[in-house]
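Quick notes on the structure that follows.
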Amino acid sequence: MKVSVDFGLLLATFSISYFLGSISAAILVCKFMGLPDPRQVGSGNPGATNVLRHGGKKAGLYTLLGDLSKGLLPVWAISQVLQDPLLSSVACIGAFLGHLYPVFFKFKGGKGVATAIGTILGFMPLLGLILIAIWLGMAFIFRYSSLAAVTAAFFAPILTCFLYPGVPIYLITTSLLSVLLIWRHRSNIQNLYAGKEQKIGAKSK
């Protein structure tokens with residue numbers, strides 16, 4: 001169903017996606033499982049990697065699935081019901097920004113890897129699956145979550161050009177997500193250069 005997009009619909013799409021994205025899976029999982037607040041331990045990042053280090057595999061998995069789902073579900077729903085590339089992109093950006101700058105947690109959120117992939121899976125499933133494969137391959141070889149994330153982010157716009165050449169709004173969207181995601185990992189990039197970045201599965205000191 002093709003719809004006529006107006007400002008009100010765009011605003012509603014962004015707002016709903018943003019509020020859903022603002023729900024922190026890491027904080028909720030740690031609270032329900034009696035674990036330390038992820039903002040107060042380790043890297044201070046409310047994301048799956050930090051929860052994994054301090055709460056174990058089960059908590060890390062729950063956090064990963066939660067962050068993935070809050071990006072996937074609103075974008076998938078919009079893409080299926082309204083079938084408009086612009087609205088799907090707006091929902092994607094809204095959910096991603098909600099995770100990075102959550103209104104419920106003083107606008108201090110995570111780095112957005114799982115949520116970004118979830119949003120992309122919602123309306124560009126082939127691209128999302130390829131990015132997951134890139135992340136898994138890099139993580140398996142080098143054991144650095146941040147390096148895997150930055151690599152996937154770097155290739156996202158390039159792959160979008162080949163997979164969805166007729167939808168320029170998709171390229172704009174993946175480019176914005178990639179820039180923000182790499183920016184959020186700037187401290188990790190510095191640590192990688194300095195040889196101080198922690199590997200996946202390593203316990204925080």
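Each chain in the structure tokens gets a letter, A, B, ..., in the order shown, and its residues are numbered from 1; ligands are numbered from 1 in order too.
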
Enumerate, in order of chain and increasing residue number, the residues of stretch 8-127 of chain A with an atom no farther than 9 Å from stretch 131-135 of chain A, each with its shortest atom pair and distance in Å to one decimal, counting only C-alpha atoms, as a tab-separated table.
```
residue	atom	partner	partner_atom	distance
A:Ile117	CA	A:Leu131	CA	7.4
A:Leu126	CA	A:Leu131	CA	8.7
A:Leu127	CA	A:Leu131	CA	6.2
```

Expected answer as number ranges by chain: alpha helix (DSSP H) residues in stretch 17-128 of chain A: A: 17-21, 25-32, 48-55, 57-81, 85-100, 113-123, 125-128

Write a file of the selected residues as an mmCIF file, in the first residue's frame, keeping C-alpha atoms.
```
data_model
loop_
_atom_site.group_PDB
_atom_site.id
_atom_site.type_symbol
_atom_site.label_atom_id
_atom_site.label_comp_id
_atom_site.auth_asym_id
_atom_site.auth_seq_id
_atom_site.Cartn_x
_atom_site.Cartn_y
_atom_site.Cartn_z
ATOM 1 C CA SER A 17 10.477 4.727 16.697
ATOM 2 C CA TYR A 18 12.582 7.084 18.786
ATOM 3 C CA PHE A 19 10.718 6.290 22.007
ATOM 4 C CA LEU A 20 10.993 2.555 21.360
ATOM 5 C CA GLY A 21 14.686 2.964 20.632
ATOM 6 C CA ALA A 25 17.726 -3.385 27.033
ATOM 7 C CA ALA A 26 21.058 -3.371 28.883
ATOM 8 C CA ILE A 27 19.763 -1.418 31.860
ATOM 9 C CA LEU A 28 16.522 -3.389 32.089
ATOM 10 C CA VAL A 29 18.215 -6.780 31.760
ATOM 11 C CA CYS A 30 20.771 -5.926 34.438
ATOM 12 C CA LYS A 31 18.072 -4.621 36.740
ATOM 13 C CA PHE A 32 15.878 -7.708 36.414
ATOM 14 C CA ALA A 48 25.585 -6.103 24.959
ATOM 15 C CA THR A 49 29.396 -6.279 25.038
ATOM 16 C CA ASN A 50 29.710 -4.521 28.385
ATOM 17 C CA VAL A 51 26.856 -6.578 29.850
ATOM 18 C CA LEU A 52 28.516 -9.752 28.574
ATOM 19 C CA ARG A 53 31.738 -8.895 30.403
ATOM 20 C CA HIS A 54 30.046 -8.178 33.718
ATOM 21 C CA GLY A 55 26.895 -10.274 33.636
ATOM 22 C CA LYS A 57 26.574 -14.891 28.351
ATOM 23 C CA LYS A 58 22.876 -15.086 29.204
ATOM 24 C CA ALA A 59 22.624 -11.421 30.166
ATOM 25 C CA GLY A 60 24.667 -10.422 27.134
ATOM 26 C CA LEU A 61 22.412 -12.440 24.830
ATOM 27 C CA TYR A 62 19.226 -10.961 26.301
ATOM 28 C CA THR A 63 20.646 -7.476 25.856
ATOM 29 C CA LEU A 64 21.676 -8.198 22.276
ATOM 30 C CA LEU A 65 18.224 -9.535 21.372
ATOM 31 C CA GLY A 66 16.512 -6.615 23.085
ATOM 32 C CA ASP A 67 18.576 -3.997 21.280
ATOM 33 C CA LEU A 68 18.148 -5.819 17.978
ATOM 34 C CA SER A 69 14.382 -6.145 18.396
ATOM 35 C CA LYS A 70 13.684 -2.535 19.306
ATOM 36 C CA GLY A 71 15.295 -1.540 16.013
ATOM 37 C CA LEU A 72 13.804 -4.321 13.927
ATOM 38 C CA LEU A 73 10.157 -4.267 15.022
ATOM 39 C CA PRO A 74 9.135 -0.633 14.369
ATOM 40 C CA VAL A 75 10.969 -0.467 11.046
ATOM 41 C CA TRP A 76 9.586 -3.813 9.889
ATOM 42 C CA ALA A 77 6.051 -2.800 10.875
ATOM 43 C CA ILE A 78 6.301 0.489 8.981
ATOM 44 C CA SER A 79 7.795 -1.146 5.901
ATOM 45 C CA GLN A 80 5.130 -3.853 5.817
ATOM 46 C CA VAL A 81 2.085 -1.704 6.514
ATOM 47 C CA PRO A 85 10.957 3.939 1.606
ATOM 48 C CA LEU A 86 11.034 7.385 3.218
ATOM 49 C CA LEU A 87 8.932 6.311 6.203
ATOM 50 C CA SER A 88 11.005 3.157 6.640
ATOM 51 C CA SER A 89 14.156 5.279 6.655
ATOM 52 C CA VAL A 90 12.681 7.739 9.144
ATOM 53 C CA ALA A 91 11.708 4.861 11.442
ATOM 54 C CA CYS A 92 15.231 3.466 11.112
ATOM 55 C CA ILE A 93 16.878 6.753 12.043
ATOM 56 C CA GLY A 94 14.409 7.351 14.864
ATOM 57 C CA ALA A 95 15.034 4.004 16.543
ATOM 58 C CA PHE A 96 18.796 4.324 16.128
ATOM 59 C CA LEU A 97 18.910 7.850 17.582
ATOM 60 C CA GLY A 98 16.705 6.669 20.434
ATOM 61 C CA HIS A 99 19.328 4.103 21.363
ATOM 62 C CA LEU A 100 22.208 6.574 21.087
ATOM 63 C CA VAL A 113 25.543 -1.730 16.758
ATOM 64 C CA ALA A 114 22.743 -4.210 17.451
ATOM 65 C CA THR A 115 20.023 -1.593 17.073
ATOM 66 C CA ALA A 116 21.460 -0.359 13.779
ATOM 67 C CA ILE A 117 21.555 -3.886 12.367
ATOM 68 C CA GLY A 118 18.027 -4.491 13.634
ATOM 69 C CA THR A 119 16.702 -1.411 11.866
ATOM 70 C CA ILE A 120 18.411 -2.374 8.615
ATOM 71 C CA LEU A 121 17.011 -5.900 8.822
ATOM 72 C CA GLY A 122 13.548 -4.355 9.104
ATOM 73 C CA PHE A 123 13.530 -2.879 5.591
ATOM 74 C CA PRO A 125 16.980 -7.617 5.045
ATOM 75 C CA LEU A 126 19.629 -8.733 2.556
ATOM 76 C CA LEU A 127 21.924 -5.886 3.562
ATOM 77 C CA GLY A 128 21.282 -6.637 7.220
#
```

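Distances here use only C-alpha atoms; by that measure, the residue among A:Thr173, A:Gln198, A:Ser22, A:Ser15 closest to A:Phe104 is A:Ser22.
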
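Summary of the local environment: counting only C-alpha atoms, residues at most 8 Å from A:Glu197, other than itself and those fewer than 6 positions away along its chain, are Tyr144, Asn188 and Asn191 of chain A.
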
Please save C-alpha atoms of the selected residues as a PDB file, in the first residue's frame.
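Printed below is result_0.pdb as written:
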```pdb
ATOM      1  CA  TYR A 144      37.352  -7.207  18.726  1.00  0.00           C
ATOM      2  CA  ASN A 188      37.480   2.281  20.741  1.00  0.00           C
ATOM      3  CA  ASN A 191      42.276   2.042  21.919  1.00  0.00           C
TER       4      ASN A 191
END
```

May I have a table of the residues of stretch 85-169 of chain A lying at most 9 Å from stretch 180-186 of chain A, giving each one's closest pair of atoms and their distance in Å to one decimal, counting only C-alpha atoms, ordered by chain and ascending residue number, as a Markdown table?
```
| residue | atom | partner | partner_atom | distance |
| --- | --- | --- | --- | --- |
| A:Leu100 | CA | A:Arg184 | CA | 8.5 |
| A:Gly110 | CA | A:Arg184 | CA | 8.4 |
| A:Lys111 | CA | A:Arg184 | CA | 5.6 |
| A:Gly112 | CA | A:Leu181 | CA | 6.5 |
| A:Val113 | CA | A:Leu181 | CA | 7.1 |
| A:Ala116 | CA | A:Leu181 | CA | 8.4 |
| A:Ser146 | CA | A:His185 | CA | 6.9 |
| A:Ala149 | CA | A:Leu181 | CA | 8.1 |
| A:Val150 | CA | A:Ile182 | CA | 5.7 |
| A:Ala153 | CA | A:Leu181 | CA | 6.9 |
| A:Phe154 | CA | A:Ile182 | CA | 8.1 |
```

Can those selected residues be exported to a file as a short mmCIF file (atom, residue, chain, number, x, y, z; two decimals), in the first residue's frame so that it contains N, CA and C atoms?
```
data_model
loop_
_atom_site.label_atom_id
_atom_site.label_comp_id
_atom_site.auth_asym_id
_atom_site.auth_seq_id
_atom_site.Cartn_x
_atom_site.Cartn_y
_atom_site.Cartn_z
N LEU A 100 21.02 5.76 20.81
CA LEU A 100 22.21 6.57 21.09
C LEU A 100 21.93 7.66 22.12
N GLY A 110 23.81 3.74 24.31
CA GLY A 110 24.88 2.87 23.85
C GLY A 110 25.46 3.30 22.52
N LYS A 111 26.21 2.41 21.92
CA LYS A 111 26.90 2.74 20.67
C LYS A 111 26.13 2.31 19.43
N GLY A 112 25.11 1.48 19.61
CA GLY A 112 24.13 1.30 18.55
C GLY A 112 24.33 0.19 17.55
N VAL A 113 25.26 -0.71 17.77
CA VAL A 113 25.54 -1.73 16.76
C VAL A 113 24.34 -2.64 16.53
N ALA A 116 21.28 -0.74 15.18
CA ALA A 116 21.46 -0.36 13.78
C ALA A 116 21.21 -1.55 12.85
N SER A 146 34.46 -3.93 18.61
CA SER A 146 34.48 -2.59 18.03
C SER A 146 35.01 -2.60 16.59
N ALA A 149 32.34 -3.92 14.36
CA ALA A 149 31.28 -2.94 14.16
C ALA A 149 31.68 -1.86 13.18
N VAL A 150 32.88 -1.33 13.35
CA VAL A 150 33.35 -0.25 12.47
C VAL A 150 33.51 -0.76 11.03
N ALA A 153 30.07 -1.03 9.55
CA ALA A 153 29.57 0.31 9.27
C ALA A 153 30.21 0.90 8.02
N PHE A 154 31.49 0.66 7.84
CA PHE A 154 32.20 1.19 6.67
C PHE A 154 31.61 0.62 5.37
#
```

Residue nearest A:Asn45 - candidates A:Phe7, A:Gly109, A:Met138, A:Val103, atoms counted: only C-alpha atoms: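 Among the listed residues, the smallest separation from A:Asn45 belongs to A:Gly109.
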
Neighbour list for A:Leu171 as a ChimeraX atom specification, cut-off 12 Å, only C-alpha atoms, skip fewer than 2 positions in-chain: /A:85-86,89,120,124,127,155-169,173-178
